[in-house]
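Next comes work.cif, a file with mmCIF, C-alpha atoms and all ligand atoms.
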data_work
loop_
_atom_site.group_PDB
_atom_site.id
_atom_site.type_symbol
_atom_site.label_atom_id
_atom_site.label_comp_id
_atom_site.auth_asym_id
_atom_site.auth_seq_id
_atom_site.Cartn_x
_atom_site.Cartn_y
_atom_site.Cartn_z
ATOM 1 C CA MET W 1 0.000 0.000 0.000
ATOM 2 C CA SER W 2 1.522 3.341 -0.975
ATOM 3 C CA THR W 3 1.905 6.244 1.446
ATOM 4 C CA GLU W 4 -0.430 8.303 -0.730
ATOM 5 C CA VAL W 5 -3.253 5.780 -0.272
ATOM 6 C CA ASP W 6 -2.687 5.976 3.488
ATOM 7 C CA TYR W 7 -3.008 9.749 3.413
ATOM 8 C CA ALA W 8 -6.168 9.597 1.328
ATOM 9 C CA GLN W 9 -7.745 7.013 3.659
ATOM 10 C CA GLU W 10 -6.768 8.868 6.807
ATOM 11 C CA ILE W 11 -8.106 12.110 5.367
ATOM 12 C CA GLN W 12 -11.502 10.451 4.836
ATOM 13 C CA GLU W 13 -11.501 9.221 8.451
ATOM 14 C CA LEU W 14 -10.438 12.606 9.820
ATOM 15 C CA LYS W 15 -13.141 14.249 7.761
ATOM 16 C CA ARG W 16 -15.809 12.153 9.431
ATOM 17 C CA SER W 17 -14.447 12.518 12.976
ATOM 18 C CA MET W 18 -14.007 16.302 12.645
ATOM 19 C CA ASN W 19 -17.249 16.875 10.709
ATOM 20 C CA ALA W 20 -15.162 18.655 8.088
ATOM 21 C CA VAL W 21 -15.741 19.517 4.464
ATOM 22 C CA ILE W 22 -12.811 19.696 2.035
ATOM 23 C CA LEU W 23 -13.119 22.373 -0.642
ATOM 24 C CA ALA W 24 -10.553 22.379 -3.443
ATOM 25 C CA HIS W 25 -9.766 24.640 -6.375
ATOM 26 C CA TYR W 26 -9.165 23.220 -9.872
ATOM 27 C CA TYR W 27 -5.490 24.242 -9.675
ATOM 28 C CA GLN W 28 -4.747 21.833 -6.841
ATOM 29 C CA GLU W 29 -2.755 18.661 -7.468
ATOM 30 C CA SER W 30 -4.902 15.815 -8.824
ATOM 31 C CA GLU W 31 -4.680 13.730 -5.629
ATOM 32 C CA VAL W 32 -5.827 16.692 -3.553
ATOM 33 C CA GLN W 33 -8.793 17.263 -5.902
ATOM 34 C CA ASP W 34 -9.661 13.578 -5.595
ATOM 35 C CA VAL W 35 -10.094 13.636 -1.797
ATOM 36 C CA ALA W 36 -12.175 16.840 -1.842
ATOM 37 C CA ASP W 37 -15.927 16.957 -1.259
ATOM 38 C CA PHE W 38 -16.244 19.793 -3.734
ATOM 39 C CA VAL W 39 -13.956 21.089 -6.478
ATOM 40 C CA GLY W 40 -14.801 24.440 -8.001
ATOM 41 C CA ASP W 41 -13.826 27.887 -9.245
ATOM 42 C CA SER W 42 -13.518 30.880 -6.910
ATOM 43 C CA LEU W 43 -17.212 31.747 -7.031
ATOM 44 C CA ALA W 44 -18.517 28.215 -6.547
ATOM 45 C CA LEU W 45 -16.059 27.666 -3.676
ATOM 46 C CA ALA W 46 -17.179 30.884 -1.956
ATOM 47 C CA GLN W 47 -20.820 29.822 -2.347
ATOM 48 C CA ALA W 48 -20.049 26.327 -1.030
ATOM 49 C CA ALA W 49 -18.184 27.787 1.961
ATOM 50 C CA GLU W 50 -21.075 30.128 2.748
ATOM 51 C CA ARG W 51 -23.698 27.381 2.818
ATOM 52 C CA THR W 52 -21.788 24.530 4.484
ATOM 53 C CA GLU W 53 -22.939 23.274 7.839
ATOM 54 C CA ALA W 54 -19.747 21.325 8.529
ATOM 55 C CA ASP W 55 -17.844 22.408 11.659
ATOM 56 C CA VAL W 56 -14.545 22.673 9.814
ATOM 57 C CA ILE W 57 -13.807 23.967 6.306
ATOM 58 C CA VAL W 58 -10.509 22.594 5.024
ATOM 59 C CA PHE W 59 -9.623 24.879 2.140
ATOM 60 C CA CYS W 60 -7.300 23.507 -0.529
ATOM 61 C CA GLY W 61 -6.623 26.653 -2.473
ATOM 62 C CA VAL W 62 -4.800 29.905 -1.806
ATOM 63 C CA HIS W 63 -4.975 32.291 1.136
ATOM 64 C CA PHE W 64 -7.539 34.750 -0.278
ATOM 65 C CA MET W 65 -9.920 31.853 -0.974
ATOM 66 C CA ALA W 66 -9.701 30.544 2.611
ATOM 67 C CA GLU W 67 -10.079 34.119 3.865
ATOM 68 C CA THR W 68 -13.228 34.523 1.760
ATOM 69 C CA ALA W 69 -14.626 31.332 3.316
ATOM 70 C CA LYS W 70 -13.980 32.700 6.815
ATOM 71 C CA ILE W 71 -15.538 36.076 5.953
ATOM 72 C CA LEU W 72 -18.709 34.413 4.651
ATOM 73 C CA ASN W 73 -19.014 31.688 7.297
ATOM 74 C CA PRO W 74 -17.220 32.961 10.433
ATOM 75 C CA THR W 75 -18.463 30.383 12.943
ATOM 76 C CA ARG W 76 -16.619 27.553 11.136
ATOM 77 C CA GLN W 77 -13.000 26.715 11.742
ATOM 78 C CA VAL W 78 -11.127 27.294 8.456
ATOM 79 C CA LEU W 79 -7.922 25.331 7.858
ATOM 80 C CA LEU W 80 -5.473 25.864 4.989
ATOM 81 C CA PRO W 81 -2.746 23.211 4.457
ATOM 82 C CA ASP W 82 -0.090 25.880 3.824
ATOM 83 C CA LEU W 83 -0.658 29.448 5.037
ATOM 84 C CA LYS W 84 2.068 30.670 2.668
ATOM 85 C CA ALA W 85 -0.123 29.816 -0.336
ATOM 86 C CA GLY W 86 -0.541 33.412 -1.495
ATOM 87 C CA CYS W 87 -1.343 34.890 -4.901
ATOM 88 C CA SER W 88 0.705 37.329 -6.986
ATOM 89 C CA LEU W 89 -2.389 39.435 -7.699
ATOM 90 C CA SER W 90 -3.220 39.823 -4.042
ATOM 91 C CA ASP W 91 0.429 40.289 -2.973
ATOM 92 C CA ARG W 92 1.028 43.046 -5.546
ATOM 93 C CA CYS W 93 -1.911 45.101 -4.352
ATOM 94 C CA PRO W 94 -0.886 46.273 -0.867
ATOM 95 C CA PRO W 95 -3.726 47.908 1.084
ATOM 96 C CA ALA W 96 -1.782 51.168 1.748
ATOM 97 C CA ALA W 97 -1.074 51.713 -1.962
ATOM 98 C CA PHE W 98 -4.628 50.713 -2.841
ATOM 99 C CA LYS W 99 -5.939 53.357 -0.430
ATOM 100 C CA VAL W 100 -3.882 56.043 -2.242
ATOM 101 C CA PHE W 101 -5.174 54.768 -5.620
ATOM 102 C CA LYS W 102 -8.728 55.056 -4.332
ATOM 103 C CA GLU W 103 -8.188 58.530 -2.893
ATOM 104 C CA LYS W 104 -7.021 59.743 -6.314
ATOM 105 C CA HIS W 105 -10.494 58.920 -7.689
ATOM 106 C CA PRO W 106 -13.007 60.257 -5.164
ATOM 107 C CA GLY W 107 -16.575 59.147 -5.782
ATOM 108 C CA ALA W 108 -15.564 56.208 -7.977
ATOM 109 C CA PHE W 109 -17.220 52.796 -7.597
ATOM 110 C CA VAL W 110 -14.624 50.194 -6.612
ATOM 111 C CA VAL W 111 -14.879 46.698 -8.081
ATOM 112 C CA SER W 112 -12.237 44.325 -6.731
ATOM 113 C CA TYR W 113 -11.400 40.897 -8.019
ATOM 114 C CA VAL W 114 -11.723 38.214 -5.334
ATOM 115 C CA ASN W 115 -7.955 37.597 -5.751
ATOM 116 C CA SER W 116 -7.231 40.344 -3.218
ATOM 117 C CA SER W 117 -6.651 40.660 0.521
ATOM 118 C CA ALA W 118 -9.452 41.179 3.028
ATOM 119 C CA ALA W 119 -8.108 44.707 3.624
ATOM 120 C CA VAL W 120 -8.498 45.584 -0.077
ATOM 121 C CA LYS W 121 -11.931 43.974 -0.150
ATOM 122 C CA ALA W 122 -12.905 46.096 2.839
ATOM 123 C CA MET W 123 -12.138 49.232 0.763
ATOM 124 C CA SER W 124 -14.252 48.012 -2.172
ATOM 125 C CA ASP W 125 -17.922 48.459 -3.090
ATOM 126 C CA VAL W 126 -18.346 45.041 -4.678
ATOM 127 C CA ILE W 127 -16.219 41.966 -5.364
ATOM 128 C CA CYS W 128 -16.200 39.879 -8.529
ATOM 129 C CA THR W 129 -14.650 36.635 -9.737
ATOM 130 C CA SER W 130 -13.676 35.744 -13.281
ATOM 131 C CA SER W 131 -17.001 33.966 -13.762
ATOM 132 C CA ASN W 132 -19.238 36.895 -12.792
ATOM 133 C CA ALA W 133 -17.073 39.984 -13.512
ATOM 134 C CA VAL W 134 -19.058 41.020 -16.612
ATOM 135 C CA LYS W 135 -22.379 40.546 -14.816
ATOM 136 C CA ILE W 136 -21.155 42.529 -11.789
ATOM 137 C CA VAL W 137 -19.719 45.454 -13.782
ATOM 138 C CA ASN W 138 -22.922 45.647 -15.843
ATOM 139 C CA GLN W 139 -24.809 46.367 -12.596
ATOM 140 C CA VAL W 140 -22.627 49.281 -11.476
ATOM 141 C CA PRO W 141 -24.653 52.521 -11.767
ATOM 142 C CA ARG W 142 -23.971 54.047 -15.214
ATOM 143 C CA ASP W 143 -23.126 57.470 -13.797
ATOM 144 C CA ARG W 144 -20.237 56.188 -11.642
ATOM 145 C CA GLN W 145 -16.604 56.023 -12.656
ATOM 146 C CA ILE W 146 -15.280 52.468 -12.017
ATOM 147 C CA LEU W 147 -11.972 51.494 -10.427
ATOM 148 C CA PHE W 148 -11.053 47.868 -11.101
ATOM 149 C CA ALA W 149 -8.353 46.009 -9.167
ATOM 150 C CA PRO W 150 -6.051 44.162 -9.064
ATOM 151 C CA ASP W 151 -5.965 42.246 -12.403
ATOM 152 C CA GLN W 152 -5.496 44.573 -15.385
ATOM 153 C CA HIS W 153 -5.974 41.770 -17.939
ATOM 154 C CA LEU W 154 -9.302 40.641 -16.546
ATOM 155 C CA GLY W 155 -10.180 44.345 -16.316
ATOM 156 C CA ARG W 156 -9.428 44.896 -20.026
ATOM 157 C CA HIS W 157 -11.461 41.822 -20.967
ATOM 158 C CA VAL W 158 -14.420 43.107 -18.909
ATOM 159 C CA MET W 159 -14.135 46.569 -20.491
ATOM 160 C CA LYS W 160 -14.426 44.964 -23.940
ATOM 161 C CA GLN W 161 -17.420 42.856 -22.891
ATOM 162 C CA THR W 162 -19.350 45.593 -21.091
ATOM 163 C CA GLY W 163 -18.328 48.723 -22.994
ATOM 164 C CA ARG W 164 -17.679 50.359 -19.584
ATOM 165 C CA ASP W 165 -14.565 52.426 -19.162
ATOM 166 C CA MET W 166 -12.602 51.504 -16.020
ATOM 167 C CA VAL W 167 -9.461 52.724 -14.289
ATOM 168 C CA LEU W 168 -7.299 49.625 -13.865
ATOM 169 C CA TRP W 169 -4.881 48.720 -11.084
ATOM 170 C CA PRO W 170 -1.728 47.510 -12.924
ATOM 171 C CA GLY W 171 -1.639 43.981 -11.443
ATOM 172 C CA SER W 172 -1.261 40.626 -13.142
ATOM 173 C CA CYS W 173 -1.015 36.927 -12.370
ATOM 174 C CA ILE W 174 2.495 35.493 -12.671
ATOM 175 C CA VAL W 175 1.067 32.279 -14.095
ATOM 176 C CA HIS W 176 -1.260 33.695 -16.746
ATOM 177 C CA GLU W 177 0.924 36.588 -17.890
ATOM 178 C CA ILE W 178 3.693 34.268 -19.108
ATOM 179 C CA PHE W 179 1.766 32.249 -21.663
ATOM 180 C CA SER W 180 3.607 32.639 -24.931
ATOM 181 C CA GLU W 181 1.573 33.976 -27.861
ATOM 182 C CA LYS W 182 4.222 32.672 -30.263
ATOM 183 C CA LYS W 183 4.100 29.132 -28.861
ATOM 184 C CA LEU W 184 0.291 29.233 -28.800
ATOM 185 C CA VAL W 185 0.164 30.187 -32.478
ATOM 186 C CA GLY W 186 2.634 27.353 -33.193
ATOM 187 C CA LEU W 187 0.338 24.885 -31.385
ATOM 188 C CA LYS W 188 -2.667 26.124 -33.366
ATOM 189 C CA VAL W 189 -0.825 25.494 -36.623
ATOM 190 C CA GLU W 190 0.166 22.027 -35.406
ATOM 191 C CA HIS W 191 -3.417 21.244 -34.296
ATOM 192 C CA PRO W 192 -5.786 23.095 -36.663
ATOM 193 C CA ASP W 193 -8.696 20.944 -35.427
ATOM 194 C CA ALA W 194 -8.298 22.131 -31.811
ATOM 195 C CA GLU W 195 -10.295 24.865 -30.091
ATOM 196 C CA VAL W 196 -8.457 27.299 -27.824
ATOM 197 C CA VAL W 197 -9.950 27.991 -24.384
ATOM 198 C CA ALA W 198 -8.345 30.636 -22.155
ATOM 199 C CA HIS W 199 -8.703 32.226 -18.728
ATOM 200 C CA PRO W 200 -9.322 36.017 -18.755
ATOM 201 C CA GLU W 201 -6.227 36.628 -16.596
ATOM 202 C CA CYS W 202 -4.187 36.098 -19.810
ATOM 203 C CA GLU W 203 -2.929 39.083 -21.775
ATOM 204 C CA GLN W 204 -5.008 40.421 -24.686
ATOM 205 C CA ALA W 205 -2.341 39.193 -27.156
ATOM 206 C CA VAL W 206 -3.102 35.633 -26.005
ATOM 207 C CA LEU W 207 -6.864 36.068 -25.495
ATOM 208 C CA ARG W 208 -7.380 37.198 -29.102
ATOM 209 C CA HIS W 209 -6.530 33.649 -30.218
ATOM 210 C CA ALA W 210 -9.167 32.073 -27.957
ATOM 211 C CA ASP W 211 -12.403 30.495 -29.180
ATOM 212 C CA PHE W 212 -13.763 30.687 -25.630
ATOM 213 C CA ILE W 213 -12.742 32.787 -22.612
ATOM 214 C CA GLY W 214 -13.992 31.907 -19.136
ATOM 215 C CA SER W 215 -13.334 31.078 -15.504
ATOM 216 C CA THR W 216 -11.904 27.671 -14.652
ATOM 217 C CA LYS W 217 -15.444 26.273 -14.291
ATOM 218 C CA GLY W 218 -16.499 28.050 -17.490
ATOM 219 C CA LEU W 219 -13.619 26.430 -19.402
ATOM 220 C CA LEU W 220 -14.421 23.010 -17.955
ATOM 221 C CA ASP W 221 -18.122 23.247 -18.870
ATOM 222 C CA TYR W 222 -17.244 24.488 -22.355
ATOM 223 C CA VAL W 223 -14.865 21.639 -23.258
ATOM 224 C CA LEU W 224 -17.250 19.018 -21.885
ATOM 225 C CA LYS W 225 -20.174 20.357 -23.945
ATOM 226 C CA SER W 226 -18.313 21.208 -27.170
ATOM 227 C CA PRO W 227 -18.625 18.706 -30.042
ATOM 228 C CA LYS W 228 -14.902 19.294 -30.758
ATOM 229 C CA GLN W 229 -12.475 16.565 -29.686
ATOM 230 C CA LYS W 230 -9.279 18.564 -29.137
ATOM 231 C CA PHE W 231 -8.544 21.635 -27.012
ATOM 232 C CA ILE W 232 -5.570 23.856 -26.294
ATOM 233 C CA VAL W 233 -6.043 24.933 -22.691
ATOM 234 C CA VAL W 234 -4.559 28.296 -21.700
ATOM 235 C CA THR W 235 -4.689 28.331 -17.918
ATOM 236 C CA GLU W 236 -3.039 26.586 -14.966
ATOM 237 C CA ALA W 237 -2.574 22.902 -15.809
ATOM 238 C CA GLY W 238 -4.457 21.606 -12.739
ATOM 239 C CA ILE W 239 -7.772 22.085 -14.569
ATOM 240 C CA LEU W 240 -6.807 19.329 -17.020
ATOM 241 C CA HIS W 241 -7.477 16.710 -14.328
ATOM 242 C CA GLN W 242 -11.241 17.394 -14.284
ATOM 243 C CA MET W 243 -11.309 17.856 -18.084
ATOM 244 C CA LYS W 244 -9.768 14.403 -18.597
ATOM 245 C CA LYS W 245 -12.068 12.856 -15.982
ATOM 246 C CA GLY W 246 -15.160 14.403 -17.585
ATOM 247 C CA ALA W 247 -14.200 13.586 -21.192
ATOM 248 C CA PRO W 248 -11.524 10.866 -21.292
ATOM 249 C CA GLN W 249 -12.009 10.413 -25.042
ATOM 250 C CA LYS W 250 -11.037 14.042 -25.788
ATOM 251 C CA THR W 251 -7.524 15.470 -26.133
ATOM 252 C CA PHE W 252 -6.389 18.372 -23.953
ATOM 253 C CA ILE W 253 -3.153 20.157 -24.722
ATOM 254 C CA PRO W 254 -1.788 22.519 -22.047
ATOM 255 C CA ALA W 255 -0.561 25.810 -23.534
ATOM 256 C CA PRO W 256 3.141 26.355 -22.826
ATOM 257 C CA PRO W 257 4.458 29.376 -20.956
ATOM 258 C CA ASP W 258 7.340 31.540 -22.177
ATOM 259 C CA ASN W 259 9.966 29.449 -20.395
ATOM 260 C CA GLY W 260 11.296 25.922 -20.804
ATOM 261 C CA CYS W 261 8.242 24.231 -19.269
ATOM 262 C CA ALA W 262 5.590 22.331 -21.199
ATOM 263 C CA CYS W 263 2.750 23.447 -18.958
ATOM 264 C CA ASN W 264 2.110 26.130 -16.395
ATOM 265 C CA GLU W 265 1.591 25.532 -12.664
ATOM 266 C CA CYS W 266 0.814 28.088 -9.952
ATOM 267 C CA PRO W 267 3.626 27.897 -7.383
ATOM 268 C CA TYR W 268 1.280 29.119 -4.631
ATOM 269 C CA MET W 269 -1.501 26.619 -5.306
ATOM 270 C CA ARG W 270 1.043 23.811 -5.466
ATOM 271 C CA LEU W 271 2.283 24.515 -1.934
ATOM 272 C CA ASN W 272 -0.659 22.430 -0.742
ATOM 273 C CA THR W 273 0.046 18.712 -0.941
ATOM 274 C CA LEU W 274 -1.843 15.607 0.148
ATOM 275 C CA GLU W 275 0.603 15.176 3.049
ATOM 276 C CA LYS W 276 0.146 18.783 4.235
ATOM 277 C CA LEU W 277 -3.624 18.398 3.914
ATOM 278 C CA TRP W 278 -3.544 15.286 6.132
ATOM 279 C CA LYS W 279 -1.193 16.986 8.635
ATOM 280 C CA CYS W 280 -3.300 20.140 8.889
ATOM 281 C CA MET W 281 -6.421 18.075 9.581
ATOM 282 C CA LYS W 282 -4.650 15.899 12.145
ATOM 283 C CA GLU W 283 -3.151 18.879 13.986
ATOM 284 C CA ARG W 284 -5.987 21.325 13.247
ATOM 285 C CA THR W 285 -3.461 23.897 12.132
ATOM 286 C CA PRO W 286 -2.669 26.149 10.312
ATOM 287 C CA GLU W 287 -5.957 27.886 10.931
ATOM 288 C CA LEU W 288 -7.156 30.981 9.095
ATOM 289 C CA THR W 289 -8.142 33.632 11.624
ATOM 290 C CA MET W 290 -8.912 37.309 11.159
ATOM 291 C CA ARG W 291 -9.874 40.434 13.062
ATOM 292 C CA GLU W 292 -13.629 40.745 13.459
ATOM 293 C CA ASP W 293 -13.752 44.410 12.333
ATOM 294 C CA LEU W 294 -11.840 43.544 9.153
ATOM 295 C CA ARG W 295 -14.011 40.500 8.526
ATOM 296 C CA GLU W 296 -17.172 42.560 8.913
ATOM 297 C CA ALA W 297 -15.874 45.318 6.585
ATOM 298 C CA ALA W 298 -14.897 42.784 3.906
ATOM 299 C CA ARG W 299 -18.204 40.900 4.214
ATOM 300 C CA ALA W 300 -20.432 43.658 2.775
ATOM 301 C CA PRO W 301 -18.865 43.832 -0.745
ATOM 302 C CA LEU W 302 -18.704 40.023 -0.860
ATOM 303 C CA GLN W 303 -22.364 39.733 0.086
ATOM 304 C CA LEU W 304 -23.229 42.259 -2.616
ATOM 305 C CA MET W 305 -21.326 40.110 -5.122
ATOM 306 C CA LEU W 306 -23.359 37.051 -4.109
ATOM 307 C CA GLU W 307 -26.605 39.055 -4.478
ATOM 308 C CA TRP W 308 -25.614 40.485 -7.878
ATOM 309 C CA SER W 309 -24.568 37.013 -9.079
ATOM 310 C CA ARG W 310 -28.017 35.480 -8.582
HETATM 311 P P1 LIG W 401 -11.290 31.049 -11.138
HETATM 312 O O1 LIG W 401 -12.219 31.934 -10.393
HETATM 313 O O2 LIG W 401 -11.537 31.045 -12.607
HETATM 314 O O3 LIG W 401 -11.295 29.690 -10.556
HETATM 315 O O4 LIG W 401 -9.811 31.652 -11.022
HETATM 316 C C1 LIG W 401 -9.055 31.647 -9.868
HETATM 317 C C2 LIG W 401 -7.668 31.974 -10.132
HETATM 318 O O5 LIG W 401 -6.893 32.168 -9.228
HETATM 319 C C3 LIG W 401 -7.240 32.061 -11.503
HETATM 320 O O6 LIG W 401 -5.874 32.217 -11.573
HETATM 321 FE FE1 LIG W 402 -3.034 33.883 -8.052
HETATM 322 FE FE2 LIG W 402 -2.346 33.407 -10.557
HETATM 323 FE FE3 LIG W 402 -2.013 31.512 -8.755
HETATM 324 FE FE4 LIG W 402 -4.494 32.197 -9.555
HETATM 325 S S1 LIG W 402 -2.903 31.243 -10.792
HETATM 326 S S2 LIG W 402 -3.806 31.875 -7.444
HETATM 327 S S3 LIG W 402 -4.221 34.395 -9.865
HETATM 328 S S4 LIG W 402 -0.965 33.498 -8.806
#

Here is the file; what I need is its structure written in the form of structure tokens.
Ligand code: 13P
Ligand code: SF4
Amino acid sequence: MSTEVDYAQEIQELKRSMNAVILAHYYQESEVQDVADFVGDSLALAQAAERTEADVIVFCGVHFMAETAKILNPTRQVLLPDLKAGCSLSDRCPPAAFKVFKEKHPGAFVVSYVNSSAAVKAMSDVICTSSNAVKIVNQVPRDRQILFAPDQHLGRHVMKQTGRDMVLWPGSCIVHEIFSEKKLVGLKVEHPDAEVVAHPECEQAVLRHADFIGSTKGLLDYVLKSPKQKFIVVTEAGILHQMKKGAPQKTFIPAPPDNGCACNECPYMRLNTLEKLWKCMKERTPELTMREDLREAARAPLQLMLEWSR
């Protein structure tokens, strides 16, 4: 019996004894996704965290996702296998600098991407994810100037879709900004029968080659429903696990980044491993905690997002 099987079995037992639910993002390692009760994109995970009645939420994702779970469901204990699992978008939008950015645009309506800290969320009017950003921005009063942070590429995509002008925070995701347009075009020539699906955190130069642009869940749904048999997937490679499970007869080709690698993995997401997941459940640490005043301030724009997403 391999060690991995032991971890997976013990995790199931711990889950029952702790009355825990394991929520995992599509960018987690395959074996982590396979022990989860629910695998989803940022929005679906936030919704699942809000409605769960389990005593413990074990969040296999990055810090802002676990923080969102705590904000929406504060009476649950929230565990994260590795507290250092950050996000370049969130890290490159420090609250002090964001405050200055906001002060330069008095009266503007602030839409922040969920990939941000609780402190930035607390300074925002509404939050969005990649799956509802267009819907959210379309509901901002027409007479208000919009500030959008922290992902400039998602912001540009939303501007194109909504026709709304927005002032963009100059942030980007270190994973999605390094997809190579040149290599993508080469792959398209090599596989003319493939459709290209891409996450909106990619640069416009890459997105213009996409047949479909969407959140991780949006991309998954699209490839499963499409009559096409081959897809070039331009996002973090973890999503391929659910694509292959859902349509084993189809071919999925991960788009290469602009370095020597064949596929692109998020170094933050990959800090969580099956062993760390088991250890954090066994020891009930690390736990995500936050100040109540901050939690309360960040809750209002998140709640508005959930209302506007219905
Ligand atoms: P999704 O909301 O599409 O799952 O995206 C999360 C993320 O971090 C993308 O890099
Ligand atoms: Fe953040 Fe990019 Fe990793 Fe998503 S893929 S968690 S946006 S660094």

Practice prompt. I need the residue set behind the PyMOL selection byres (((chain W and resi 249) around 12) and not hetatm) for this file; please write it as an MDAnalysis selection string.
Written response: chainID W and resid 223:224 227:231 243:248 250:252

Just write the chosen residues, C-alpha atoms, as a PDB file, in the coordinates of the input.
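Contents of the output file part_33.pdb:
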ATOM      1  CA  VAL W 223     -14.865  21.639 -23.258  1.00  0.00           C
ATOM      2  CA  LEU W 224     -17.250  19.018 -21.885  1.00  0.00           C
ATOM      3  CA  PRO W 227     -18.625  18.706 -30.042  1.00  0.00           C
ATOM      4  CA  LYS W 228     -14.902  19.294 -30.758  1.00  0.00           C
ATOM      5  CA  GLN W 229     -12.475  16.565 -29.686  1.00  0.00           C
ATOM      6  CA  LYS W 230      -9.279  18.564 -29.137  1.00  0.00           C
ATOM      7  CA  PHE W 231      -8.544  21.635 -27.012  1.00  0.00           C
ATOM      8  CA  MET W 243     -11.309  17.856 -18.084  1.00  0.00           C
ATOM      9  CA  LYS W 244      -9.768  14.403 -18.597  1.00  0.00           C
ATOM     10  CA  LYS W 245     -12.068  12.856 -15.982  1.00  0.00           C
ATOM     11  CA  GLY W 246     -15.160  14.403 -17.585  1.00  0.00           C
ATOM     12  CA  ALA W 247     -14.200  13.586 -21.192  1.00  0.00           C
ATOM     13  CA  PRO W 248     -11.524  10.866 -21.292  1.00  0.00           C
ATOM     14  CA  LYS W 250     -11.037  14.042 -25.788  1.00  0.00           C
ATOM     15  CA  THR W 251      -7.524  15.470 -26.133  1.00  0.00           C
ATOM     16  CA  PHE W 252      -6.389  18.372 -23.953  1.00  0.00           C
TER      17      PHE W 252
END

Worksheet item: Quick one: of W:Pro94, W:Pro301, W:Gly155, W:Pro254, who's nearest to Lys188 of chain W, counting all atoms listed in the file?
Response: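 Between W:Pro94, W:Pro301, W:Gly155, W:Pro254, the residue approaching Lys188 of chain W most closely is W:Pro254.
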
Worksheet item: In Å to one decimal, how far is atom CA of Ala205 of chain W from atom CA of Val234 of chain W?
Response: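 It comes out at 12.4 Å.
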
Discussion item. Neighbours of ligand LIG 402 (chain W) at 9 Å or closer, counting all atoms listed in the file: which residues, as a PyMOL selection string?
Written reply: chain W and resi 27+61-65+85-91+115+151+172-177+201+235-236+265-270

Name the residues captured by the PyMOL selection byres (((chain W and resi 95) around 8) and not hetatm) when it is applied to the shown file; answer as a short mmCIF file (atom, residue, chain, number, x, y, z; two decimals) with C-alpha atoms, in the coordinates of the input.
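Listing of result-v6.cif after writing:
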data_model
loop_
_atom_site.label_atom_id
_atom_site.label_comp_id
_atom_site.auth_asym_id
_atom_site.auth_seq_id
_atom_site.Cartn_x
_atom_site.Cartn_y
_atom_site.Cartn_z
CA CYS W 93 -1.91 45.10 -4.35
CA PRO W 94 -0.89 46.27 -0.87
CA ALA W 96 -1.78 51.17 1.75
CA ALA W 97 -1.07 51.71 -1.96
CA PHE W 98 -4.63 50.71 -2.84
CA LYS W 99 -5.94 53.36 -0.43
CA SER W 117 -6.65 40.66 0.52
CA ALA W 119 -8.11 44.71 3.62
CA VAL W 120 -8.50 45.58 -0.08
#

Fill in: Atom-to-atom span, atom O5 of ligand LIG 401 (chain W) and atom CA of Ser42 of chain W, Å
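Spanning atom O5 of ligand LIG 401 (chain W) to atom CA of Ser42 of chain W is a straight-line distance of 7.1 Å.
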
Fill in: Surrounding residues as a list in words, ligand LIG 401 (chain W), max 6 Å, all atoms listed in the file
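So, counting all atoms listed in the file, the residues near ligand LIG 401 (chain W) are Asp41, Ser42, Thr129, Ser130, Ser215 and Thr216 of chain W.
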
Fill in: Atom pair atom CA of Ser309 of chain W / atom CA of Lys160 of chain W: separation (Å)
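Result for atom CA of Ser309 of chain W versus atom CA of Lys160 of chain W: 19.7 Å, one decimal.
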
May I have the centre and edge lengths, in Å to one decimal, of an axis-aligned box around the listed atoms of segment 211-229 of chain W with 8 Å added to every side, as JSON?
{"center_x": -16.0, "center_y": 24.7, "center_z": -22.5, "size_x": 24.3, "size_y": 32.2, "size_z": 32.5}

Worksheet item: With distances taken over all atoms listed in the file, which of W:Asn73, W:Gln9, W:Gln139, W:Thr52 is nearest to Ile22 of chain W?
Response: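 Of all the options, W:Thr52 lies closest to Ile22 of chain W.
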
Practice prompt. Find, counting all atoms listed in the file, the residue in W:Leu304, W:Glu275, W:Pro74, W:Ala118 that gets nearest to Val35 of chain W.
Written response: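 Closest residue, counting all atoms listed in the file: W:Glu275.
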
Item to complete: Neighbourhood query: residues within 9 Å of (-3.6, 23.2, 0.3), file coordinates, counting all atoms listed in the file; return as an NGL selection string.
Response: :W and (24 or 28 or 32 or 58-62 or 79-83 or 85 or 269-274 or 276-277)

Residues returned when the PyMOL selection byres (((chain W and resi 157) around 10) and not hetatm) runs on this file, as a short mmCIF file (atom, residue, chain, number, x, y, z; two decimals) with C-alpha atoms, in the coordinates of the input:
data_model
loop_
_atom_site.label_atom_id
_atom_site.label_comp_id
_atom_site.auth_asym_id
_atom_site.auth_seq_id
_atom_site.Cartn_x
_atom_site.Cartn_y
_atom_site.Cartn_z
CA ALA W 133 -17.07 39.98 -13.51
CA VAL W 134 -19.06 41.02 -16.61
CA GLN W 152 -5.50 44.57 -15.38
CA HIS W 153 -5.97 41.77 -17.94
CA LEU W 154 -9.30 40.64 -16.55
CA GLY W 155 -10.18 44.34 -16.32
CA ARG W 156 -9.43 44.90 -20.03
CA VAL W 158 -14.42 43.11 -18.91
CA MET W 159 -14.14 46.57 -20.49
CA LYS W 160 -14.43 44.96 -23.94
CA GLN W 161 -17.42 42.86 -22.89
CA THR W 162 -19.35 45.59 -21.09
CA GLY W 163 -18.33 48.72 -22.99
CA PRO W 200 -9.32 36.02 -18.76
CA GLU W 201 -6.23 36.63 -16.60
CA CYS W 202 -4.19 36.10 -19.81
CA GLU W 203 -2.93 39.08 -21.78
CA GLN W 204 -5.01 40.42 -24.69
CA LEU W 207 -6.86 36.07 -25.50
CA ILE W 213 -12.74 32.79 -22.61
#

Item to complete: Would you be able to write out as an NGL selection string which residues have an atom within 10 Å of (-15.0, 23.8, 8.6) in the file's coordinates, counting all atoms listed in the file?
Response: :W and (15 or 18-23 or 49 or 52-59 or 69-70 or 73-79)
